[in-house]
$ cat work-v8.cif   # mmCIF, C-alpha atoms and all ligand atoms
data_model
#
loop_
_atom_site.label_atom_id
_atom_site.label_comp_id
_atom_site.auth_asym_id
_atom_site.auth_seq_id
_atom_site.Cartn_x
_atom_site.Cartn_y
_atom_site.Cartn_z
CA MET A 1 -2.81 -1.51 -49.85
CA LYS A 2 -3.23 -3.70 -46.81
CA SER A 3 -2.75 -6.83 -48.84
CA LEU A 4 0.40 -5.37 -50.45
CA ALA A 5 1.78 -4.65 -46.97
CA LEU A 6 0.96 -8.20 -45.92
CA ARG A 7 2.62 -9.57 -49.05
CA LEU A 8 5.72 -7.48 -48.35
CA LEU A 9 5.76 -8.74 -44.75
CA ALA A 10 5.42 -12.32 -45.97
CA ALA A 11 8.26 -11.77 -48.45
CA ALA A 12 10.43 -10.29 -45.68
CA LEU A 13 9.69 -13.28 -43.43
CA CYS A 14 10.66 -15.65 -46.25
CA LEU A 15 13.95 -13.79 -46.67
CA VAL A 16 14.63 -14.05 -42.93
CA LEU A 17 13.86 -17.75 -42.97
CA LEU A 18 16.02 -18.29 -46.05
CA SER A 19 18.94 -16.33 -44.62
CA SER A 20 18.87 -18.12 -41.26
CA GLN A 21 18.73 -21.42 -43.14
CA ALA A 22 21.74 -20.39 -45.19
CA LEU A 23 23.64 -19.43 -42.03
CA ALA A 24 22.79 -22.79 -40.46
CA ASP A 25 24.15 -24.50 -43.61
CA ALA A 26 24.49 -28.09 -42.47
CA SER A 27 27.55 -28.61 -44.69
CA HIS A 28 29.65 -26.16 -42.61
CA PHE A 29 32.29 -28.20 -40.77
CA ALA A 30 31.18 -26.68 -37.46
CA LEU A 31 27.66 -28.07 -37.79
CA LEU A 32 28.42 -31.62 -38.89
CA GLY A 33 27.96 -33.10 -35.43
CA LYS A 34 24.80 -31.28 -34.40
CA ASP A 35 21.81 -33.39 -33.40
CA LEU A 36 23.40 -36.71 -34.35
CA GLY A 37 24.13 -39.83 -32.33
CA PRO A 38 22.81 -40.79 -28.92
CA CYS A 39 23.89 -37.46 -27.28
CA ARG A 40 22.05 -34.48 -28.81
CA ARG A 41 21.01 -31.90 -26.22
CA LEU A 42 22.73 -31.48 -22.86
CA THR A 43 19.55 -30.39 -21.10
CA GLY A 44 17.13 -31.63 -18.47
CA SER A 45 18.32 -34.24 -16.00
CA ALA A 46 21.75 -35.64 -16.86
CA TYR A 47 23.80 -38.35 -15.19
CA ALA A 48 27.36 -38.52 -16.52
CA ILE A 49 28.71 -42.04 -16.24
CA LEU A 50 32.45 -42.08 -15.61
CA VAL A 51 33.87 -45.49 -16.48
CA PHE A 52 37.25 -46.09 -14.84
CA VAL A 53 38.99 -48.52 -17.17
CA SER A 54 41.85 -50.48 -15.61
CA THR A 55 44.12 -52.22 -18.12
CA PRO A 56 46.87 -54.76 -17.29
CA ALA A 57 49.60 -52.08 -17.58
CA HIS A 58 47.60 -49.13 -16.21
CA PRO A 59 45.28 -50.06 -13.33
CA TRP A 60 43.52 -47.36 -11.31
CA THR A 61 44.26 -46.99 -7.60
CA GLN A 62 41.71 -45.73 -5.11
CA LYS A 63 43.77 -42.60 -4.42
CA GLN A 64 43.99 -41.72 -8.11
CA LYS A 65 40.28 -42.20 -8.55
CA GLU A 66 39.55 -39.94 -5.58
CA ALA A 67 41.57 -37.15 -7.23
CA VAL A 68 39.39 -37.54 -10.33
CA TYR A 69 36.19 -37.44 -8.23
CA ASP A 70 37.18 -34.00 -6.92
CA ILE A 71 38.03 -32.65 -10.36
CA SER A 72 34.79 -34.04 -11.75
CA TRP A 73 32.74 -32.15 -9.16
CA SER A 74 34.38 -28.87 -10.07
CA SER A 75 33.92 -29.66 -13.79
CA LEU A 76 30.19 -30.11 -13.22
CA ASP A 77 30.12 -26.79 -11.35
CA TYR A 78 31.50 -25.08 -14.47
CA ILE A 79 28.90 -26.78 -16.64
CA ARG A 80 26.04 -25.79 -14.30
CA ALA A 81 27.23 -22.16 -14.16
CA ASN A 82 27.47 -21.96 -17.96
CA ALA A 83 24.06 -23.57 -18.48
CA LYS A 84 22.58 -21.03 -16.10
CA LYS A 85 24.11 -18.21 -18.16
CA TYR A 86 22.15 -19.53 -21.16
CA ARG A 87 19.02 -20.00 -19.02
CA THR A 88 19.15 -23.74 -19.70
CA ASP A 89 17.39 -26.17 -17.44
CA LEU A 90 20.18 -28.64 -16.60
CA ASP A 91 20.44 -30.80 -13.52
CA ILE A 92 23.71 -32.70 -13.92
CA THR A 93 25.50 -35.11 -11.63
CA TYR A 94 27.81 -38.09 -12.11
CA GLY A 95 28.33 -41.67 -11.05
CA CYS A 96 31.19 -44.13 -11.55
CA LEU A 97 31.74 -47.64 -12.85
CA ASP A 98 34.93 -49.73 -12.54
CA PHE A 99 35.98 -52.14 -15.26
CA SER A 100 39.15 -54.20 -15.56
CA ILE A 101 39.85 -55.34 -19.09
CA ASN A 102 42.52 -57.47 -20.76
CA THR A 103 43.28 -55.00 -23.57
CA GLU A 104 45.37 -51.82 -23.53
CA TYR A 105 44.01 -48.60 -25.06
CA SER A 106 44.49 -48.42 -28.81
CA ARG A 107 42.82 -46.53 -31.62
CA ASP A 108 41.60 -49.77 -33.22
CA LEU A 109 39.03 -49.76 -30.37
CA ALA A 110 39.51 -53.42 -29.39
CA TRP A 111 39.33 -52.23 -25.75
CA TYR A 112 36.03 -50.47 -26.48
CA TRP A 113 34.33 -53.50 -27.93
CA GLU A 114 35.61 -55.62 -25.04
CA ILE A 115 33.85 -53.22 -22.65
CA ILE A 116 30.65 -52.94 -24.70
CA HIS A 117 30.32 -56.72 -25.18
CA ASP A 118 31.87 -58.25 -22.06
CA GLU A 119 31.17 -55.62 -19.40
CA PHE A 120 27.98 -53.89 -20.56
CA HIS A 121 26.65 -57.02 -22.36
CA ALA A 122 25.46 -54.78 -25.17
CA GLN A 123 25.80 -54.64 -28.95
CA SER A 124 26.19 -50.88 -29.26
CA ILE A 125 26.61 -47.87 -27.04
CA GLN A 126 23.07 -46.77 -27.89
CA GLN A 127 21.83 -49.78 -25.89
CA VAL A 128 24.00 -48.72 -22.96
CA TYR A 129 22.68 -45.14 -23.07
CA ASP A 130 19.11 -46.37 -23.30
CA TYR A 131 19.61 -48.75 -20.38
CA TYR A 132 21.00 -46.03 -18.09
CA LYS A 133 18.48 -43.40 -19.15
CA GLN A 134 15.69 -45.80 -18.32
CA SER A 135 17.09 -47.27 -15.11
CA LEU A 136 18.22 -43.87 -13.72
CA GLN A 137 15.11 -42.10 -14.99
CA VAL A 138 17.13 -39.30 -16.60
CA ASP A 139 17.04 -37.44 -19.90
CA GLU A 140 20.76 -37.87 -20.61
CA ALA A 141 23.35 -40.45 -19.61
CA PRO A 142 26.61 -39.48 -21.36
CA ILE A 143 29.38 -42.05 -21.04
CA LEU A 144 33.03 -41.10 -20.55
CA PHE A 145 35.84 -43.64 -20.43
CA LEU A 146 38.76 -42.73 -18.16
CA PHE A 147 42.20 -44.26 -18.58
CA ASN A 148 45.00 -43.95 -16.07
CA SER A 149 47.57 -43.41 -18.81
CA TRP A 150 48.57 -40.71 -21.24
CA ASP A 151 47.40 -40.00 -24.78
CA LEU A 152 45.30 -37.24 -26.34
CA SER A 153 41.82 -37.16 -24.85
CA CYS A 154 39.26 -37.42 -27.62
CA THR A 155 35.62 -37.90 -28.49
CA TYR A 156 34.37 -40.28 -31.13
CA MET A 157 31.58 -38.06 -32.46
CA CYS A 158 28.77 -38.97 -34.81
CA LYS A 159 29.14 -36.64 -37.80
CA ALA A 160 27.17 -36.06 -40.97
CA ASP A 161 30.28 -36.57 -43.14
CA TYR A 162 30.93 -39.98 -41.52
CA PRO A 163 27.50 -41.62 -41.73
CA GLY A 164 28.61 -45.20 -40.94
CA TRP A 165 29.63 -44.35 -37.38
CA ASN A 166 26.90 -44.57 -34.75
CA GLU A 167 28.96 -45.17 -31.62
CA GLU A 168 29.58 -41.97 -29.65
CA PHE A 169 31.71 -41.71 -26.54
CA CYS A 170 34.59 -39.79 -24.90
CA VAL A 171 37.98 -41.04 -23.81
CA ILE A 172 39.80 -39.04 -21.18
CA PHE A 173 43.40 -39.77 -20.28
CA CYS A 174 44.01 -38.75 -16.72
CA ASP A 175 47.49 -39.98 -15.83
CA THR A 176 48.15 -37.88 -12.74
CA GLN A 177 47.31 -34.51 -14.28
CA MET A 178 43.64 -34.51 -15.20
CA HIS A 179 42.43 -30.94 -15.56
CA ASP A 180 38.92 -29.54 -14.97
CA HIS A 181 38.58 -28.75 -18.65
CA TYR A 182 39.27 -32.28 -19.87
CA LEU A 183 35.85 -33.43 -18.73
CA THR A 184 33.87 -30.34 -19.77
CA HIS A 185 35.57 -30.05 -23.18
CA GLU A 186 35.03 -33.72 -24.10
CA LEU A 187 31.48 -33.70 -22.75
CA TYR A 188 30.61 -30.72 -24.97
CA HIS A 189 32.15 -32.58 -27.94
CA LEU A 190 29.92 -35.53 -27.16
CA TYR A 191 26.93 -33.23 -27.68
CA GLY A 192 28.24 -31.84 -30.98
CA ALA A 193 30.66 -29.03 -30.06
CA ILE A 194 33.75 -28.47 -32.20
CA ASP A 195 37.33 -27.52 -31.35
CA LEU A 196 37.92 -23.78 -31.60
CA TYR A 197 41.69 -24.07 -31.77
CA ASP A 198 43.74 -24.69 -34.91
CA TYR A 199 44.74 -28.17 -35.99
CA SER A 200 47.35 -26.88 -38.44
CA GLY A 201 47.23 -23.11 -38.72
CA GLU A 202 43.93 -22.96 -40.62
CA GLY A 203 42.86 -19.78 -38.79
CA VAL A 204 39.89 -21.05 -36.79
CA ALA A 205 41.49 -20.05 -33.47
CA ARG A 206 41.96 -16.39 -34.48
CA ILE A 207 38.38 -16.07 -35.76
CA ALA A 208 36.98 -17.87 -32.69
CA HIS A 209 38.87 -15.47 -30.43
CA LYS A 210 37.58 -12.49 -32.41
CA TYR A 211 33.95 -13.55 -31.92
CA PHE A 212 34.00 -15.47 -28.63
CA GLY A 213 37.10 -14.41 -26.68
CA ASN A 214 38.53 -17.13 -24.45
CA CYS A 215 36.38 -20.23 -24.16
CA ASP A 216 36.36 -23.90 -23.23
CA MET A 217 36.40 -25.26 -26.80
CA SER A 218 39.53 -23.24 -27.55
CA CYS A 219 41.00 -24.55 -24.25
CA THR A 220 41.56 -21.01 -22.97
CA SER A 221 38.87 -20.67 -20.27
CA ALA A 222 35.91 -22.47 -18.70
CA ASP A 223 33.36 -20.31 -20.55
CA VAL A 224 30.95 -21.72 -23.09
CA ASP A 225 30.75 -19.69 -26.31
CA ASP A 226 27.58 -18.97 -28.31
CA LEU A 227 28.34 -21.48 -31.06
CA THR A 228 28.92 -24.29 -28.56
CA ALA A 229 25.72 -23.31 -26.73
CA TYR A 230 23.85 -23.70 -30.01
CA LEU A 231 25.52 -27.00 -30.92
CA ILE A 232 24.85 -28.66 -27.55
CA GLY A 233 21.23 -27.54 -27.42
CA TRP A 234 21.42 -24.65 -24.96
CA THR A 235 20.04 -22.18 -27.51
CA ASP A 236 17.91 -22.78 -30.57
CA SER A 237 19.23 -19.87 -32.61
CA LEU A 238 22.63 -18.64 -33.73
CA SER A 239 23.70 -15.39 -32.10
CA ALA A 240 25.27 -12.64 -34.23
CA SER A 241 28.71 -13.77 -32.98
CA ALA A 242 28.06 -17.40 -33.89
CA GLN A 243 26.81 -16.34 -37.33
CA GLY A 244 29.90 -14.19 -37.88
CA PHE A 245 32.15 -17.08 -36.90
CA LEU A 246 30.37 -19.46 -39.30
CA ARG A 247 30.54 -16.95 -42.13
CA GLU A 248 34.27 -16.35 -41.75
CA THR A 249 35.29 -19.96 -41.19
CA LYS A 250 33.33 -21.63 -43.98
CA GLY A 251 35.67 -23.98 -45.85
CA LEU A 252 38.61 -23.58 -43.48
CA ARG A 253 38.53 -27.25 -42.38
ZN ZN B 1 38.55 -31.07 -28.51
#
$ encode --input "work-v8.cif" --output "structure tokens" --more "lines below"
Ligand SMILES: [Zn+2]
Amino acid sequence: MKSLALRLLAAALCLVLLSSQALADASHFALLGKDLGPCRRLTGSAYAILVFVSTPAHPWTQKQKEAVYDISWSSLDYIRANAKKYRTDLDITYGCLDFSINTEYSRDLAWYWEIIHDEFHAQSIQQVYDYYKQSLQVDEAPILFLFNSWDLSCTYMCKADYPGWNEEFCVIFCDTQMHDHYLTHELYHLYGAIDLYDYSGEGVARIAHKYFGNCDMSCTSADVDDLTAYLIGWTDSLSASAQGFLRETKGLR
């Protein structure tokens, strides 16, 4: 009788393991960036490196940079408060670098390689991360490029469905209107978070709102949602809300 009970318990445990594996189905579009690339878990000691990129047409002025410093401090306050909510040990600060390059921003990334090769004297961004992690004695050294011009801020994420890409960085366009959320949103992307708004009416935004309410990845508040917390390494399990979201959004993107 005892051994039957034990066998039943073992069978139940197997079912639990199988079902949580199914829910964390790595082929779901929301999970394609988890634990890939140089930035995997936003935990421990972190030093965000803000790289002010001056181009011939769009140089940074001291006054403009000072406005970004202030916004960056309040962005880090949001991140600290959210990490605390998830009982995550995160000690995050930032520092700045100034580079003047000969190339304007473009999506062919000529500007990026100019910075990696000529300014950082590196072959890949992994070398840059490793250098800063070692020299600053920190667990994480995420790198964010800031342009004093206007385009859509974006993160070049490492994703399982794009295996040839190993570079991983954010680009934030500040112009004169940089918002607190630009930095937090792109930083979370860097660690694997996904957008929770619609790209073209696919329905992700409605389902995200149903499970998470307003949140940073849907650009509606500064709050971190449960799925993002899981993707960026603040929790190791999917909450019921995150599981519901994954179930309802499978195949939507
Ligand atoms: Zn985004």
$ residues_near_ligand --input "work-v8.cif" --ligand "ligand ZN 1 (chain B)" --cutoff "12 Å" --atoms "only C-alpha atoms and all ligand atoms" --output "VMD selection string"
chain A and resid 152 to 157 170 to 172 181 to 199 215 to 220 228
$ atom_distance --input "work-v8.cif" --atom1 "CA of Ser75 in chain A" --atom2 "CA of Ser239 in chain A"
25.4 Å
$ atom_distance --input "work-v8.cif" --atom1 "CA of Leu36 in chain A" --atom2 "CA of Thr103 in chain A"
29.1 Å
$ closest_residue --input "work-v8.cif" --among "A:Phe120, A:Trp73, A:Trp165, A:Phe173" --to "Phe145 in chain A" --atoms "all atoms listed in the file"
A:Phe173
$ atom_distance --input "work-v8.cif" --atom1 "CA of Thr55 in chain A" --atom2 "CA of Thr93 in chain A"
26.1 Å
$ closest_residue --input "work-v8.cif" --among "A:Tyr105, A:Tyr94, A:Phe245, A:Tyr162" --to "Pro59 in chain A" --atoms "all atoms listed in the file"
A:Tyr105
$ closest_residue --input "work-v8.cif" --among "A:Leu144, A:Phe29, A:Tyr131, A:Lys210" --to "Gly251 in chain A" --atoms "all atoms listed in the file"
A:Phe29
$ axis_aligned_box --input "work-v8.cif" --around "range 94-113 of chain A" --padding-each-side "3 Å" --output "AutoDock Vina command-line options"
--center_x 36.6 --center_y -47.8 --center_z -22.1 --size_x 23.6 --size_y 25.4 --size_z 28.2
$ closest_residue --input "work-v8.cif" --among "A:Ala208, A:Ala57, A:Leu42, A:Val68" --to "Ile101 in chain A" --atoms "all atoms listed in the file"
A:Ala57
$ residues_near_point --input "work-v8.cif" --point "(35.8, -46.6, -17.1)" --cutoff "6 Å" --atoms "all atoms listed in the file" --output "PyMOL selection string"
chain A and resi 50-53+97-99+145-146
